[in-house]
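Trainee: Pasting a structure here, questions to come.
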Amino acid sequence: MSASRTKFYRDTQHGKWMGVCAGIADYTGIDTTFVRVGAVLLTFATSGWVILAYFAVGFIADKKPYGLYETPEDAKFWQGVRSNPKRSTAEVRSKFRDIDRRLADIETVYTSRNTRLADEIDSLR
């Protein structure tokens, strides 16, 4: 897939108006309702500057490509990557280390001089 999963997109499919709040919610993993309420509160608190920022983001940001995430678990994974990429890489490294350790254990058992195991394998042939 050519679309970047770590980039911010306007989510017009789930958006109410231009999809900016839905895009922020998708990008951060926060519920869309909270993002919308926060945007309204910020609009009143900043005398309308948020409306200008909303329109700017609405015109600058790309629309979210259809089928960017294959499953909801995939979407959650990429939200975690965007929120804390260091933690995500550490998790991936940890999983690879665990797989490597397990493969080394299997290799040790398979290549050992365990005559009982060899006899059992021969009996299965």
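Every chain in the structure tokens has a letter given in the order shown (A, B, ...), and although residue numbers restart at 1 in each chain, ligands are simply numbered from 1 in the order shown.
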With the cut-off set at 9 Å and counting only C-alpha atoms, tabulate each residue of range 18-49 of chain A with an atom at most that distance from an atom of range 83-107 of chain A, showing the nearest atom pair and its distance in Å to one decimal, ordered by chain and increasing number, as a tab-separated table.
Mentor:
residue	atom	partner	partner_atom	distance
A:Tyr27	CA	A:Ser83	CA	8.4
A:Thr28	CA	A:Ser83	CA	6.5
A:Gly29	CA	A:Ser83	CA	8.5
Trainee: Compile the contact shell of Asp62 in chain A as a PyMOL selection string: residues with an atom at most 12 Å away, counting only C-alpha atoms, same-chain residues fewer than 3 positions apart removed.
Mentor: chain A and resi 3-4+7-12+18-20+23+56-59+65-66
Trainee: Pick from A:Gly48, A:Phe55, A:Ile30, A:Leu124: nearest to Lys76 in chain A, with only C-alpha atoms counted?
Mentor: A:Ile30
Trainee: Within 10 Å of Tyr69 in chain A, counting only C-alpha atoms, which residues show up once you throw out same-chain ones fewer than 5 positions away? Write them as an MDAnalysis selection string, please.
Mentor: chainID A and resid 5 74:78
Trainee: Using DSSP on the backbone coordinates, identify the residues of chain A assigned to helix (DSSP H, G or I); present them as JSON, numbers by chain.
Mentor: {"A": [20, 21, 22, 23, 24, 25, 26, 27, 28, 32, 33, 34, 35, 36, 37, 38, 39, 40, 41, 42, 43, 44, 45, 49, 50, 51, 52, 53, 54, 55, 56, 57, 58, 59, 60, 72, 73, 74, 75, 76, 77, 78, 79, 80, 81, 82, 83, 85, 86, 87, 88, 89, 90, 91, 92, 93, 94, 95, 96, 97, 98, 99, 100, 101, 102, 103, 104, 105, 106, 107, 108, 109, 110, 111, 115, 116, 117, 118, 119, 120, 121, 122, 123, 124]}
Trainee: Work out how far CA of Asp26 in chain A is from CA of Gln79 in chain A, in Å to one decimal.
Mentor: 7.4 Å
Trainee: If we count only C-alpha atoms, what is near range 37-44 of chain A at a cut-off of 12 Å, once residues fewer than 4 positions away on the same chain are taken out, given as a list of chain:residue names?
Mentor: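 Near neighbours after the sequence-gap exclusion: A:Val20, A:Cys21, A:Ala22, A:Ile24, A:Ala25, A:Ile30, A:Asp31, A:Thr32, A:Thr33, A:Gly48, A:Trp49, A:Val50, A:Ile51, A:Leu52, A:Ala53, A:Tyr54.
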Trainee: Can I get the selected residues back with N, CA, C and O atoms, as a compact mmCIF listing (two decimals), in the first residue's frame?
Mentor:
# COMPACT_ATOMS: atom_id res chain seq x y z
N VAL A 20 -12.01 16.93 9.94
CA VAL A 20 -10.79 17.27 10.67
C VAL A 20 -10.81 16.66 12.07
O VAL A 20 -9.83 16.03 12.49
N CYS A 21 -11.90 16.85 12.80
CA CYS A 21 -11.98 16.28 14.15
C CYS A 21 -11.93 14.75 14.12
O CYS A 21 -11.29 14.13 14.97
N ALA A 22 -12.59 14.15 13.13
CA ALA A 22 -12.53 12.69 13.00
C ALA A 22 -11.12 12.24 12.65
O ALA A 22 -10.66 11.20 13.10
N ILE A 24 -8.33 13.85 13.56
CA ILE A 24 -7.55 13.99 14.80
C ILE A 24 -7.84 12.81 15.72
O ILE A 24 -6.93 12.24 16.33
N ALA A 25 -9.11 12.43 15.82
CA ALA A 25 -9.48 11.30 16.66
C ALA A 25 -8.86 10.00 16.16
O ALA A 25 -8.35 9.20 16.94
N ILE A 30 -8.17 9.02 20.36
CA ILE A 30 -9.14 9.58 21.29
C ILE A 30 -10.52 9.49 20.65
O ILE A 30 -10.67 9.58 19.44
N ASP A 31 -11.56 9.35 21.48
CA ASP A 31 -12.92 9.28 20.96
C ASP A 31 -13.27 10.57 20.21
O ASP A 31 -12.92 11.67 20.63
N THR A 32 -13.97 10.42 19.10
CA THR A 32 -14.30 11.55 18.24
C THR A 32 -15.15 12.59 18.97
O THR A 32 -14.97 13.80 18.77
N THR A 33 -16.04 12.15 19.85
CA THR A 33 -16.89 13.08 20.59
C THR A 33 -16.05 14.01 21.46
O THR A 33 -16.31 15.21 21.52
N GLY A 48 -12.29 32.28 18.36
CA GLY A 48 -12.48 31.88 16.98
C GLY A 48 -11.24 31.49 16.20
O GLY A 48 -11.34 31.16 15.02
N TRP A 49 -10.06 31.53 16.79
CA TRP A 49 -8.86 31.14 16.05
C TRP A 49 -8.88 29.67 15.65
O TRP A 49 -8.29 29.28 14.65
N VAL A 50 -9.58 28.87 16.42
CA VAL A 50 -9.66 27.45 16.10
C VAL A 50 -10.42 27.24 14.79
O VAL A 50 -10.10 26.33 14.03
N ILE A 51 -11.39 28.10 14.50
CA ILE A 51 -12.13 27.97 13.24
C ILE A 51 -11.20 28.20 12.05
O ILE A 51 -11.25 27.45 11.07
N LEU A 52 -10.32 29.18 12.16
CA LEU A 52 -9.35 29.41 11.08
C LEU A 52 -8.40 28.23 10.94
O LEU A 52 -8.10 27.80 9.82
N ALA A 53 -7.94 27.70 12.06
CA ALA A 53 -7.05 26.53 12.01
C ALA A 53 -7.79 25.32 11.44
O ALA A 53 -7.22 24.54 10.67
N TYR A 54 -9.05 25.18 11.80
CA TYR A 54 -9.87 24.08 11.30
C TYR A 54 -9.96 24.13 9.77
O TYR A 54 -9.76 23.13 9.09
Trainee: Provide the CA of Ala61 in chain A to CA of Gly80 in chain A distance in Å, to one decimal place.
Mentor: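 It comes out at 20.9 Å.
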Trainee: One decimal, Å: what's the distance from CA of Thr46 in chain A over to CA of Lys63 in chain A, could you say?
Mentor: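 Those two atoms sit 26.8 Å apart.
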Trainee: So, with only C-alpha atoms as the atoms that count, which of A:Gly15, A:Ala118, A:Ser47, A:Tyr110 lies closest to Val35 in chain A?
Mentor: A:Gly15
